[in-house]
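Engineer: One file: work_13.tsv (TSV, C-alpha atoms and all ligand atoms).
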chain	number	residue	atom	x	y	z
A	7	TRP	CA	85.68	56.57	-120.06
A	8	VAL	CA	83.76	53.49	-118.99
A	9	LEU	CA	80.38	53.49	-117.28
A	10	MET	CA	79.42	50.31	-115.40
A	11	VAL	CA	76.45	48.81	-113.56
A	12	THR	CA	76.35	45.55	-111.58
A	13	ALA	CA	73.16	43.75	-110.58
A	14	GLN	CA	72.27	40.48	-108.90
A	15	THR	CA	69.11	38.52	-109.68
A	16	PRO	CA	67.88	35.32	-108.02
A	17	THR	CA	66.36	32.45	-109.86
A	18	ASN	CA	62.73	31.41	-109.46
A	19	ILE	CA	61.09	28.03	-109.10
A	20	ALA	CA	57.69	27.48	-110.71
A	21	VAL	CA	55.02	25.84	-108.57
A	22	ILE	CA	52.55	26.00	-111.47
A	23	LYS	CA	54.67	25.32	-114.54
A	24	TYR	CA	55.07	27.16	-117.81
A	25	TRP	CA	55.38	24.55	-120.57
A	26	GLY	CA	54.49	25.35	-124.17
A	27	LYS	CA	54.50	28.49	-126.34
A	28	ARG	CA	51.85	29.95	-128.60
A	29	ASP	CA	54.47	32.25	-130.20
A	30	GLU	CA	58.07	31.04	-130.39
A	31	SER	CA	59.83	34.27	-131.27
A	32	LEU	CA	58.02	36.57	-128.82
A	33	ILE	CA	57.98	33.76	-126.22
A	34	LEU	CA	54.27	33.80	-125.42
A	35	PRO	CA	53.05	30.90	-123.27
A	36	ILE	CA	49.97	28.71	-123.59
A	37	ASN	CA	49.16	29.04	-119.87
A	38	ASP	CA	49.71	31.27	-116.84
A	39	SER	CA	52.36	30.16	-114.34
A	40	ILE	CA	53.24	30.91	-110.70
A	41	SER	CA	56.67	30.84	-109.07
A	42	VAL	CA	58.60	31.51	-105.88
A	43	THR	CA	61.70	33.68	-106.17
A	44	LEU	CA	64.64	32.42	-104.13
A	45	ASP	CA	66.73	34.41	-101.72
A	46	PRO	CA	69.17	36.57	-103.74
A	47	GLU	CA	72.14	35.11	-101.85
A	48	HIS	CA	71.53	31.69	-103.33
A	49	LEU	CA	71.14	30.50	-106.88
A	50	CYS	CA	71.63	33.86	-108.45
A	51	THR	CA	73.25	35.51	-111.43
A	52	THR	CA	75.53	38.53	-111.06
A	53	THR	CA	75.92	40.64	-114.17
A	54	THR	CA	78.09	43.65	-114.86
A	55	VAL	CA	77.35	45.72	-117.95
A	56	ALA	CA	79.72	48.39	-119.19
A	57	VAL	CA	79.60	50.98	-121.95
A	58	SER	CA	82.52	52.89	-123.43
A	59	PRO	CA	83.16	54.75	-126.69
A	60	ARG	CA	86.20	52.47	-127.03
A	61	PHE	CA	84.08	49.33	-127.43
A	62	ASP	CA	83.65	48.50	-131.11
A	63	GLN	CA	81.04	45.73	-130.72
A	64	ASP	CA	78.66	44.21	-128.15
A	65	ARG	CA	80.38	41.31	-126.35
A	66	MET	CA	79.42	38.95	-123.53
A	67	TRP	CA	81.23	36.58	-121.16
A	68	LEU	CA	79.34	33.88	-119.25
A	69	ASN	CA	81.19	32.37	-116.27
A	70	GLY	CA	84.44	33.80	-117.64
A	71	ARG	CA	84.10	32.49	-121.21
A	72	GLU	CA	83.09	34.60	-124.15
A	73	ILE	CA	79.80	33.56	-125.74
A	74	SER	CA	78.23	34.62	-129.01
A	75	LEU	CA	75.60	37.34	-128.88
A	76	SER	CA	74.32	36.49	-132.33
A	77	GLY	CA	71.38	34.45	-130.90
A	78	GLY	CA	68.03	36.11	-131.47
A	79	ARG	CA	67.17	36.20	-127.77
A	80	TYR	CA	70.17	38.33	-126.75
A	81	GLN	CA	69.71	40.59	-129.77
A	82	ARG	CA	66.07	41.07	-128.95
A	83	CYS	CA	66.73	42.03	-125.32
A	84	LEU	CA	69.53	44.43	-126.31
A	85	ARG	CA	67.37	46.01	-129.01
A	86	GLU	CA	64.34	46.37	-126.76
A	87	ILE	CA	66.34	48.01	-123.96
A	88	ARG	CA	68.29	50.29	-126.34
A	89	SER	CA	65.04	51.52	-127.85
A	90	ARG	CA	63.85	52.55	-124.36
A	91	ALA	CA	67.11	54.24	-123.25
A	92	SER	CA	67.16	57.81	-121.88
A	93	ASP	CA	69.82	60.49	-121.36
A	94	VAL	CA	72.51	59.57	-118.84
A	95	GLU	CA	74.73	62.02	-117.01
A	96	ASP	CA	77.54	61.28	-114.57
A	97	GLU	CA	78.88	64.63	-113.43
A	98	LYS	CA	81.77	63.21	-111.38
A	99	LYS	CA	83.14	61.33	-114.35
A	100	GLY	CA	82.17	64.03	-116.82
A	101	ILE	CA	80.07	61.59	-118.84
A	102	LYS	CA	77.05	62.70	-120.85
A	103	ILE	CA	75.17	60.25	-123.07
A	104	ALA	CA	72.17	61.51	-125.00
A	105	LYS	CA	69.24	59.19	-125.73
A	106	LYS	CA	70.10	59.02	-129.45
A	107	ASP	CA	73.79	58.11	-128.71
A	108	TRP	CA	72.83	54.69	-127.32
A	109	GLU	CA	72.17	53.39	-130.84
A	110	ASN	CA	75.89	53.75	-131.66
A	111	LEU	CA	77.44	52.76	-128.33
A	112	HIS	CA	78.43	49.16	-127.62
A	113	VAL	CA	78.23	47.24	-124.36
A	114	HIS	CA	80.35	44.57	-122.71
A	115	ILE	CA	78.52	42.13	-120.44
A	116	ALA	CA	80.05	39.79	-117.85
A	117	SER	CA	77.71	37.35	-116.15
A	118	TYR	CA	78.30	34.69	-113.46
A	119	ASN	CA	75.97	31.99	-112.17
A	120	ASN	CA	76.70	30.61	-108.72
A	121	PHE	CA	75.00	27.32	-109.65
A	122	PRO	CA	75.16	24.75	-112.46
A	123	THR	CA	74.13	26.22	-115.81
A	124	ALA	CA	71.41	24.34	-117.70
A	125	ALA	CA	71.03	21.57	-115.11
A	126	GLY	CA	67.33	22.26	-114.64
A	127	LEU	CA	67.92	24.91	-111.99
A	128	ALA	CA	66.44	27.69	-114.09
A	129	SER	CA	69.72	29.45	-114.82
A	130	SER	CA	68.33	31.15	-117.91
A	131	ALA	CA	65.65	32.75	-115.73
A	132	ALA	CA	68.12	34.53	-113.46
A	133	GLY	CA	70.47	35.19	-116.40
A	134	PHE	CA	68.08	37.05	-118.69
A	135	ALA	CA	66.33	38.83	-115.82
A	136	CYS	CA	69.68	40.13	-114.60
A	137	LEU	CA	70.81	41.09	-118.11
A	138	VAL	CA	67.66	43.10	-118.78
A	139	PHE	CA	67.67	44.69	-115.33
A	140	SER	CA	71.34	45.77	-115.46
A	141	LEU	CA	71.07	47.06	-119.04
A	142	ALA	CA	67.95	49.01	-118.09
A	143	LYS	CA	69.81	50.62	-115.17
A	144	LEU	CA	72.84	51.44	-117.34
A	145	MET	CA	70.70	52.99	-120.07
A	146	ASN	CA	68.41	54.77	-117.62
A	147	VAL	CA	65.25	53.05	-118.84
A	148	LYS	CA	62.32	54.63	-117.02
A	149	GLU	CA	59.69	51.94	-117.60
A	150	ASP	CA	58.07	49.98	-114.77
A	151	GLN	CA	58.92	46.40	-113.73
A	152	GLY	CA	55.96	45.00	-115.68
A	153	LYS	CA	57.27	46.40	-118.97
A	154	LEU	CA	60.80	45.20	-118.13
A	155	SER	CA	59.39	41.75	-117.39
A	156	ALA	CA	57.98	41.68	-120.93
A	157	VAL	CA	61.51	42.35	-122.26
A	158	ALA	CA	63.10	39.68	-120.01
A	159	ARG	CA	60.40	37.27	-121.24
A	160	GLN	CA	61.82	37.61	-124.75
A	161	GLY	CA	65.17	36.32	-123.45
A	162	SER	CA	63.69	33.31	-121.68
A	163	GLY	CA	60.06	32.90	-120.68
A	164	SER	CA	60.68	32.06	-117.03
A	165	ALA	CA	63.02	35.09	-116.72
A	166	CYS	CA	60.06	37.49	-116.56
A	167	ARG	CA	59.16	36.09	-113.13
A	168	SER	CA	62.64	36.75	-111.66
A	169	LEU	CA	62.22	40.54	-111.72
A	170	TYR	CA	60.13	40.31	-108.54
A	171	GLY	CA	60.75	38.70	-105.15
A	172	GLY	CA	58.24	36.56	-103.27
A	173	PHE	CA	55.39	34.89	-105.19
A	174	VAL	CA	54.99	35.88	-108.82
A	175	LYS	CA	52.46	35.17	-111.55
A	176	TRP	CA	53.27	35.32	-115.25
A	177	ILE	CA	50.02	36.26	-116.96
A	178	MET	CA	49.96	34.60	-120.39
A	179	GLY	CA	48.14	37.55	-121.99
A	180	LYS	CA	45.91	37.61	-125.06
A	181	HIS	CA	47.52	40.11	-127.45
A	182	ASP	CA	49.52	38.94	-130.47
A	183	ASP	CA	52.29	41.47	-129.77
A	184	GLY	CA	52.84	40.11	-126.25
A	185	SER	CA	52.33	43.50	-124.58
A	186	ASP	CA	50.02	41.95	-121.94
A	187	SER	CA	52.19	38.87	-121.31
A	188	ILE	CA	53.88	40.18	-118.18
A	189	ALA	CA	54.81	39.15	-114.65
A	190	VAL	CA	53.08	40.54	-111.55
A	191	GLN	CA	53.92	40.08	-107.88
A	192	LEU	CA	51.26	38.16	-105.93
A	193	ALA	CA	52.88	38.59	-102.51
A	194	ASP	CA	56.28	39.80	-101.36
A	195	GLU	CA	58.98	37.68	-99.69
A	196	LYS	CA	57.79	38.55	-96.18
A	197	HIS	CA	54.24	37.31	-96.74
A	198	TRP	CA	55.03	33.61	-96.10
A	199	ASP	CA	58.51	33.44	-94.70
A	200	ASP	CA	58.04	30.18	-92.75
A	201	LEU	CA	58.66	28.27	-95.94
A	202	VAL	CA	62.14	26.86	-96.49
A	203	ILE	CA	63.37	25.64	-99.84
A	204	VAL	CA	65.81	22.75	-99.94
A	205	ILE	CA	67.30	21.80	-103.26
A	206	ALA	CA	68.65	18.31	-103.73
A	207	VAL	CA	71.19	18.61	-106.53
A	208	VAL	CA	70.81	15.15	-107.99
A	209	SER	CA	73.00	15.92	-110.96
A	210	SER	CA	74.76	19.06	-112.12
A	211	ARG	CA	75.25	17.65	-115.60
A	212	GLN	CA	73.83	19.60	-118.53
A	213	LYS	CA	70.35	18.39	-119.44
A	214	GLU	CA	69.90	16.52	-122.71
A	215	THR	CA	66.75	18.22	-123.96
A	216	SER	CA	66.59	21.99	-123.43
A	217	SER	CA	63.33	23.46	-122.15
A	218	THR	CA	62.96	25.34	-125.43
A	219	SER	CA	63.09	22.29	-127.68
A	220	GLY	CA	61.30	20.07	-125.14
A	221	MET	CA	58.27	22.35	-124.96
A	222	ARG	CA	58.21	22.75	-128.75
A	223	GLU	CA	58.05	18.96	-129.15
A	224	SER	CA	55.34	18.72	-126.47
A	225	VAL	CA	53.21	21.35	-128.22
A	226	GLU	CA	53.63	19.52	-131.54
A	227	THR	CA	52.94	15.99	-130.33
A	228	SER	CA	51.22	15.80	-126.92
A	229	MET	CA	47.44	15.58	-126.51
A	230	LEU	CA	47.78	15.92	-122.76
A	231	ILE	CA	49.38	19.38	-123.02
A	232	LYS	CA	46.19	20.75	-124.64
A	233	HIS	CA	44.01	19.38	-121.86
A	234	ARG	CA	46.51	20.71	-119.28
A	235	ALA	CA	46.63	24.26	-120.71
A	236	LYS	CA	42.87	24.59	-121.26
A	237	GLU	CA	41.21	22.58	-118.52
A	238	VAL	CA	43.68	22.06	-115.68
A	239	VAL	CA	45.99	25.05	-115.25
A	240	PRO	CA	43.37	27.86	-115.25
A	241	LYS	CA	41.66	26.34	-112.20
A	242	ARG	CA	44.98	25.50	-110.53
A	243	ILE	CA	46.13	29.11	-110.89
A	244	VAL	CA	43.04	30.34	-109.02
A	245	ASP	CA	43.49	27.71	-106.30
A	246	MET	CA	47.22	28.39	-105.96
A	247	GLU	CA	46.65	32.14	-105.61
A	248	GLU	CA	44.16	31.39	-102.86
A	249	ALA	CA	46.54	28.96	-101.10
A	250	ILE	CA	49.34	31.56	-101.18
A	251	LYS	CA	47.04	34.32	-99.94
A	252	ASN	CA	45.90	32.19	-96.98
A	253	ARG	CA	49.29	30.57	-96.35
A	254	ASP	CA	47.45	27.26	-96.69
A	255	PHE	CA	50.31	24.75	-96.85
A	256	PRO	CA	48.26	21.55	-97.47
A	257	SER	CA	46.62	23.10	-100.57
A	258	PHE	CA	49.91	24.68	-101.70
A	259	ALA	CA	51.73	21.34	-101.43
A	260	HIS	CA	48.97	19.38	-103.12
A	261	LEU	CA	48.82	21.80	-106.07
A	262	ALA	CA	52.60	22.15	-106.49
A	263	CYS	CA	53.24	18.38	-106.44
A	264	ALA	CA	50.31	17.63	-108.76
A	265	ASP	CA	51.44	20.29	-111.22
A	266	SER	CA	55.04	19.07	-111.28
A	267	ASN	CA	53.81	15.52	-111.86
A	268	GLN	CA	51.51	16.63	-114.67
A	269	PHE	CA	54.29	18.58	-116.35
A	270	HIS	CA	56.48	15.44	-116.33
A	271	ALA	CA	53.49	13.41	-117.56
A	272	VAL	CA	53.26	15.82	-120.52
A	273	CYS	CA	56.97	15.17	-121.15
A	274	LEU	CA	56.27	11.43	-121.22
A	275	ASP	CA	53.29	12.07	-123.51
A	276	THR	CA	55.63	13.83	-125.96
A	277	CYS	CA	56.85	11.92	-129.00
A	278	PRO	CA	59.64	10.84	-128.58
A	279	PRO	CA	59.18	10.94	-124.78
A	280	ILE	CA	61.33	13.27	-122.70
A	281	PHE	CA	62.72	12.01	-119.39
A	282	TYR	CA	63.92	14.82	-117.14
A	283	MET	CA	63.71	12.96	-113.83
A	284	ASN	CA	65.91	9.99	-113.00
A	285	ASP	CA	65.70	7.13	-110.46
A	286	THR	CA	66.96	9.34	-107.64
A	287	SER	CA	64.28	11.93	-108.45
A	288	HIS	CA	61.60	9.23	-108.34
A	289	ARG	CA	62.92	7.89	-105.04
A	290	ILE	CA	62.81	11.40	-103.55
A	291	ILE	CA	59.14	11.73	-104.61
A	292	GLY	CA	58.41	8.35	-103.00
A	293	CYS	CA	60.10	9.42	-99.79
A	294	VAL	CA	58.20	12.74	-99.54
A	295	GLU	CA	54.84	11.14	-100.41
A	296	LYS	CA	55.33	8.47	-97.73
A	297	TRP	CA	56.28	11.06	-95.12
A	298	ASN	CA	53.34	13.34	-96.00
A	299	ARG	CA	50.91	10.41	-95.76
A	300	SER	CA	52.24	9.43	-92.34
A	301	GLU	CA	51.44	12.89	-90.93
A	302	GLU	CA	48.08	14.55	-90.35
A	303	SER	CA	48.76	17.01	-93.15
A	304	PRO	CA	51.57	17.46	-95.74
A	305	GLN	CA	54.90	18.72	-94.44
A	306	VAL	CA	56.85	19.06	-97.68
A	307	ALA	CA	56.05	19.89	-101.31
A	308	TYR	CA	58.26	18.82	-104.21
A	309	THR	CA	58.65	20.18	-107.69
A	310	PHE	CA	61.01	19.29	-110.56
A	311	ASP	CA	61.85	21.47	-113.55
A	312	ALA	CA	63.47	20.32	-116.79
A	313	GLY	CA	66.09	18.23	-114.98
A	314	PRO	CA	66.46	15.63	-112.20
A	315	ASN	CA	67.12	18.03	-109.30
A	316	ALA	CA	64.47	18.14	-106.58
A	317	VAL	CA	63.17	21.42	-105.24
A	318	LEU	CA	61.62	20.67	-101.86
A	319	ILE	CA	59.54	23.22	-100.00
A	320	ALA	CA	59.23	22.57	-96.27
A	321	ARG	CA	56.39	24.18	-94.33
A	322	ASN	CA	58.78	25.58	-91.68
A	323	ARG	CA	62.36	25.47	-90.37
A	324	LYS	CA	61.77	22.52	-88.07
A	325	VAL	CA	60.40	20.41	-90.92
A	326	ALA	CA	63.30	21.56	-93.14
A	327	ALA	CA	65.86	20.36	-90.59
A	328	SER	CA	64.12	16.98	-90.34
A	329	LEU	CA	63.85	16.83	-94.15
A	330	LEU	CA	67.60	17.35	-94.53
A	331	GLN	CA	68.26	14.58	-92.02
A	332	ARG	CA	66.02	12.19	-93.90
A	333	LEU	CA	67.56	13.09	-97.25
A	334	LEU	CA	71.07	12.62	-95.92
A	335	PHE	CA	70.08	9.26	-94.48
A	336	HIS	CA	68.41	7.94	-97.64
A	337	PHE	CA	70.62	9.74	-100.17
A	338	PRO	CA	74.11	10.09	-98.72
A	339	PRO	CA	76.11	12.57	-100.80
A	340	SER	CA	78.08	10.75	-103.47
A	341	SER	CA	79.59	11.72	-106.77
A	342	ASP	CA	76.13	11.73	-108.32
A	343	THR	CA	73.98	13.06	-105.47
A	344	ASP	CA	75.00	16.22	-103.78
A	345	LEU	CA	72.57	17.83	-101.37
A	346	SER	CA	72.57	21.54	-100.68
A	347	SER	CA	70.07	23.76	-98.93
A	348	TYR	CA	68.75	27.13	-100.00
A	349	VAL	CA	66.27	29.50	-98.46
A	350	ILE	CA	63.63	32.12	-99.06
A	351	GLY	CA	63.99	35.33	-97.10
A	352	ASP	CA	66.95	35.80	-94.78
A	353	LYS	CA	66.87	32.46	-93.02
A	354	SER	CA	69.32	29.65	-93.55
A	355	ILE	CA	69.55	26.23	-91.99
B	401	LIG	C1	60.18	23.64	-116.68
B	401	LIG	O1	61.94	29.62	-119.50
B	401	LIG	O2	63.78	27.91	-119.72
B	401	LIG	O3	61.34	25.52	-115.82
B	401	LIG	O4	61.18	30.30	-122.60
B	401	LIG	O5	62.25	28.55	-124.00
B	401	LIG	O6	63.66	29.94	-122.48
B	401	LIG	P1	62.29	29.30	-122.72
B	401	LIG	O7	62.12	28.21	-121.58
B	401	LIG	P2	62.38	28.31	-120.04
B	401	LIG	O8	61.39	27.17	-119.52
B	401	LIG	C2	61.18	26.89	-118.17
B	401	LIG	C3	60.35	25.70	-118.02
B	401	LIG	C4	60.24	25.15	-116.61
B	401	LIG	C5	58.93	25.61	-115.95
B	401	LIG	C6	58.87	27.03	-115.44
B	401	LIG	O9	59.91	27.61	-115.05
B	401	LIG	O10	57.75	27.56	-115.40
Give the structure from this file in structure tokens form.
Ligand code: DP6
Structural biologist:
Amino acid sequence: WVLMVTAQTPTNIAVIKYWGKRDESLILPINDSISVTLDPEHLCTTTTVAVSPRFDQDRMWLNGREISLSGGRYQRCLREIRSRASDVEDEKKGIKIAKKDWENLHVHIASYNNFPTAAGLASSAAGFACLVFSLAKLMNVKEDQGKLSAVARQGSGSACRSLYGGFVKWIMGKHDDGSDSIAVQLADEKHWDDLVIVIAVVSSRQKETSSTSGMRESVETSMLIKHRAKEVVPKRIVDMEEAIKNRDFPSFAHLACADSNQFHAVCLDTCPPIFYMNDTSHRIIGCVEKWNRSEESPQVAYTFDAGPNAVLIARNRKVAASLLQRLLFHFPPSSDTDLSSYVIGDKSI
């Protein structure tokens, strides 16, 4: 027999960034972060996990190619979920798995991303969140989302935020064992559904410096990152929560843009400096800043993760349509600049 579960998990985009760990193996951050989870139809990972007594080892395929599961992060997630497994019974198929059997059963995992892997579009976030969620369903793990988020966190920090829709905060926590470093939902996807996210895929090439090594180098060498984590982010988190609660777009946009710019300033302050944005990214920032200044209040927020692609958040559908027009005019799609649009909620443009 084979027992299978399939799950789909969207990626999330941080508007207050996570950058820097205080514990590398447990993946504990040096500051809180806040993100928006995208619509599950776009930028998502689909994962199928299967268990069978015929499987003689754990194996995984990513986008159709087998990958090694020997990395500590996969092992940790598998171990953490296995240790929380419960009895499973499927009467129709005549399958009965007792809690203790899970230790000796192996799983096969097939995972697909519908977007470029490792191009700064947070693919590891959706990937590990989906892996943990589907394994937890397969193994009948009874723990709540918060506890599952702490397991997903050990796969990739940003993954803990993808277990919820809407606006999500990853609380850094204080404990050494990471038990209080979990994600919580601030507001669901219906709370502020005027917002439209447009992603300008500037390059789908693999980034040169991974987030993991980039943030390690920043923690080791940047002075600015200390100031950011201690003095800047704590206040920004409070202000961002308030802006989200009140659907206050001018404050939201101001905080998101400032935080993205400070994160990239920390990258420049790292030795040797890390450049995630390119000329096209900088030109997009210029374009949005100019537009926002020409209006009474900001219309669009921008944020960039560890790559050159722009995530643009328009205050409503009308602004999003006008934003797309402007982008297409200034950045006509070419081999290097390919513009696509994605949404929150069930709206598309
Ligand atoms: C810039 O979660 O990919 O996207 O925990 O080492 O796997 P690891 O890093 P990762 O870092 C994401 C960094 C970021 C900001 C964010 O998503 O908050």
Engineer: Around ligand LIG 401 (chain B), out to 8 Å and counting all atoms listed in the file, which residues are there? I want them as a PyMOL selection string.
Structural biologist: chain A and resi 18-25+27+33+39-41+126-131+159-165+216-219+221+269+310-312
Engineer: Could you write those residues out with C-alpha atoms, as a PDB file, keeping the file's coordinate frame?
Structural biologist:
ATOM      1  CA  ASN A  18      62.730  31.410-109.460  1.00  0.00           C
ATOM      2  CA  ILE A  19      61.090  28.030-109.100  1.00  0.00           C
ATOM      3  CA  ALA A  20      57.690  27.480-110.710  1.00  0.00           C
ATOM      4  CA  VAL A  21      55.020  25.840-108.570  1.00  0.00           C
ATOM      5  CA  ILE A  22      52.550  26.000-111.470  1.00  0.00           C
ATOM      6  CA  LYS A  23      54.670  25.320-114.540  1.00  0.00           C
ATOM      7  CA  TYR A  24      55.070  27.160-117.810  1.00  0.00           C
ATOM      8  CA  TRP A  25      55.380  24.550-120.570  1.00  0.00           C
ATOM      9  CA  LYS A  27      54.500  28.490-126.340  1.00  0.00           C
ATOM     10  CA  ILE A  33      57.980  33.760-126.220  1.00  0.00           C
ATOM     11  CA  SER A  39      52.360  30.160-114.340  1.00  0.00           C
ATOM     12  CA  ILE A  40      53.240  30.910-110.700  1.00  0.00           C
ATOM     13  CA  SER A  41      56.670  30.840-109.070  1.00  0.00           C
ATOM     14  CA  GLY A 126      67.330  22.260-114.640  1.00  0.00           C
ATOM     15  CA  LEU A 127      67.920  24.910-111.990  1.00  0.00           C
ATOM     16  CA  ALA A 128      66.440  27.690-114.090  1.00  0.00           C
ATOM     17  CA  SER A 129      69.720  29.450-114.820  1.00  0.00           C
ATOM     18  CA  SER A 130      68.330  31.150-117.910  1.00  0.00           C
ATOM     19  CA  ALA A 131      65.650  32.750-115.730  1.00  0.00           C
ATOM     20  CA  ARG A 159      60.400  37.270-121.240  1.00  0.00           C
ATOM     21  CA  GLN A 160      61.820  37.610-124.750  1.00  0.00           C
ATOM     22  CA  GLY A 161      65.170  36.320-123.450  1.00  0.00           C
ATOM     23  CA  SER A 162      63.690  33.310-121.680  1.00  0.00           C
ATOM     24  CA  GLY A 163      60.060  32.900-120.680  1.00  0.00           C
ATOM     25  CA  SER A 164      60.680  32.060-117.030  1.00  0.00           C
ATOM     26  CA  ALA A 165      63.020  35.090-116.720  1.00  0.00           C
ATOM     27  CA  SER A 216      66.590  21.990-123.430  1.00  0.00           C
ATOM     28  CA  SER A 217      63.330  23.460-122.150  1.00  0.00           C
ATOM     29  CA  THR A 218      62.960  25.340-125.430  1.00  0.00           C
ATOM     30  CA  SER A 219      63.090  22.290-127.680  1.00  0.00           C
ATOM     31  CA  MET A 221      58.270  22.350-124.960  1.00  0.00           C
ATOM     32  CA  PHE A 269      54.290  18.580-116.350  1.00  0.00           C
ATOM     33  CA  PHE A 310      61.010  19.290-110.560  1.00  0.00           C
ATOM     34  CA  ASP A 311      61.850  21.470-113.550  1.00  0.00           C
ATOM     35  CA  ALA A 312      63.470  20.320-116.790  1.00  0.00           C
TER      36      ALA A 312
END
Engineer: CA of Thr276 (chain A) and CA of Phe134 (chain A), how far apart in Å?
Structural biologist: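 Between these atoms lies a distance of 27.3 Å.
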Engineer: Record the distance separating CA of Gly133 (chain A) and CA of Ile87 (chain A), expressed in Å with one decimal.
Structural biologist: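 CA of Ile87 (chain A) lies at a distance of 15.4 Å from CA of Gly133 (chain A).
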Engineer: Using all atoms listed in the file, find the one residue out of A:Asn146, A:Thr309, A:Thr227, A:Ser117 that sits nearest to Ile103 (chain A).
Structural biologist: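 Using all atoms listed in the file, the shortest distance to Ile103 (chain A) belongs to A:Asn146.
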Engineer: Write out as a list in words the residues lying within 6 Å of Ser58 (chain A), counting all atoms listed in the file and excluding same-chain residues fewer than 3 positions away.
Structural biologist: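 Using all atoms listed in the file, the neighbours found are Trp7, Val8 and Phe61 of chain A.
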Engineer: Asn267 (chain A): which residues within 12 Å, counting all atoms listed in the file, same-chain residues fewer than 3 positions away excluded, as a ChimeraX atom specification?
Structural biologist: /A:21-23,234,260-264,270-274,282-283,287-288,291,307-312
Engineer: As an exercise, work out the distance from CA of Thr15 (chain A) to CA of Leu169 (chain A) in Å and give it to one decimal place.
Structural biologist: 7.5 Å
Engineer: Could you give me, as JSON lines, every region 174-269 of chain A residue with an atom at most 8 Å from region 294-306 of chain A, plus its closest atom pair and distance in Å to one decimal, counting only C-alpha atoms, rows ordered by chain then number?
Structural biologist:
{"residue": "A:Phe255", "atom": "CA", "partner": "A:Pro304", "partner_atom": "CA", "distance": 7.5}
{"residue": "A:Pro256", "atom": "CA", "partner": "A:Pro304", "partner_atom": "CA", "distance": 5.5}
{"residue": "A:Ala259", "atom": "CA", "partner": "A:Val306", "partner_atom": "CA", "distance": 6.7}
Engineer: Convert the current residue selection to file output with C-alpha atoms, as a short mmCIF file (atom, residue, chain, number, x, y, z; two decimals), in the frame of the given file.
Structural biologist:
data_model
loop_
_atom_site.label_atom_id
_atom_site.label_comp_id
_atom_site.auth_asym_id
_atom_site.auth_seq_id
_atom_site.Cartn_x
_atom_site.Cartn_y
_atom_site.Cartn_z
CA PHE A 255 50.31 24.75 -96.85
CA PRO A 256 48.26 21.55 -97.47
CA ALA A 259 51.73 21.34 -101.43
#
Engineer: My list of candidates is A:Leu154, A:Ala13, A:Val204, A:Ile36. Which is closest to Ser224 (chain A) when distances are computed with all atoms listed in the file?
Structural biologist: A:Ile36
Engineer: Env of Ser89 (chain A): 12 Å cut, atoms = only C-alpha atoms, seq-sep filter 6 positions within chain, self excluded. Answer as a list in words.
Structural biologist: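 These residues fall inside the cut-off: Arg82, Cys83, Lys105, Lys106, Asp107, Trp108, Glu109, Asn110, Leu141, Ala142, Met145, Asn146, Val147, Lys148, Glu149 and Val157 of chain A.
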Engineer: Measuring atom to atom with only C-alpha atoms, identify which of A:Phe173, A:Arg79, A:Ala156, A:Thr51 is nearest to Asn119 (chain A).
Structural biologist: A:Thr51
Engineer: Would you mind telling me which residue in A:Val57, A:Ala189, A:Met178, A:Ile115 lies nearest to Leu75 (chain A) when using all atoms listed in the file?
Structural biologist: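 Closest to Leu75 (chain A) of all the choices is A:Ile115.
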Engineer: Within 6 Å of (80.1, 40.1, -112.9) (file coordinates; only C-alpha atoms), which protein or nucleic acid residues are there? I'd like them as a ChimeraX atom specification.
Structural biologist: /A:52-54,116-118
Engineer: May I ask which of the residues A:Val42, A:Arg323, A:Asp150, A:Ser209 is the closest one to Glu247 (chain A), counting all atoms listed in the file?
Structural biologist: A:Val42
Engineer: Which of these residues is nearest to Asp45 (chain A), using all atoms listed in the file: A:Asn322, A:Ser168, A:Gln81, A:Ser155?
Structural biologist: A:Ser168
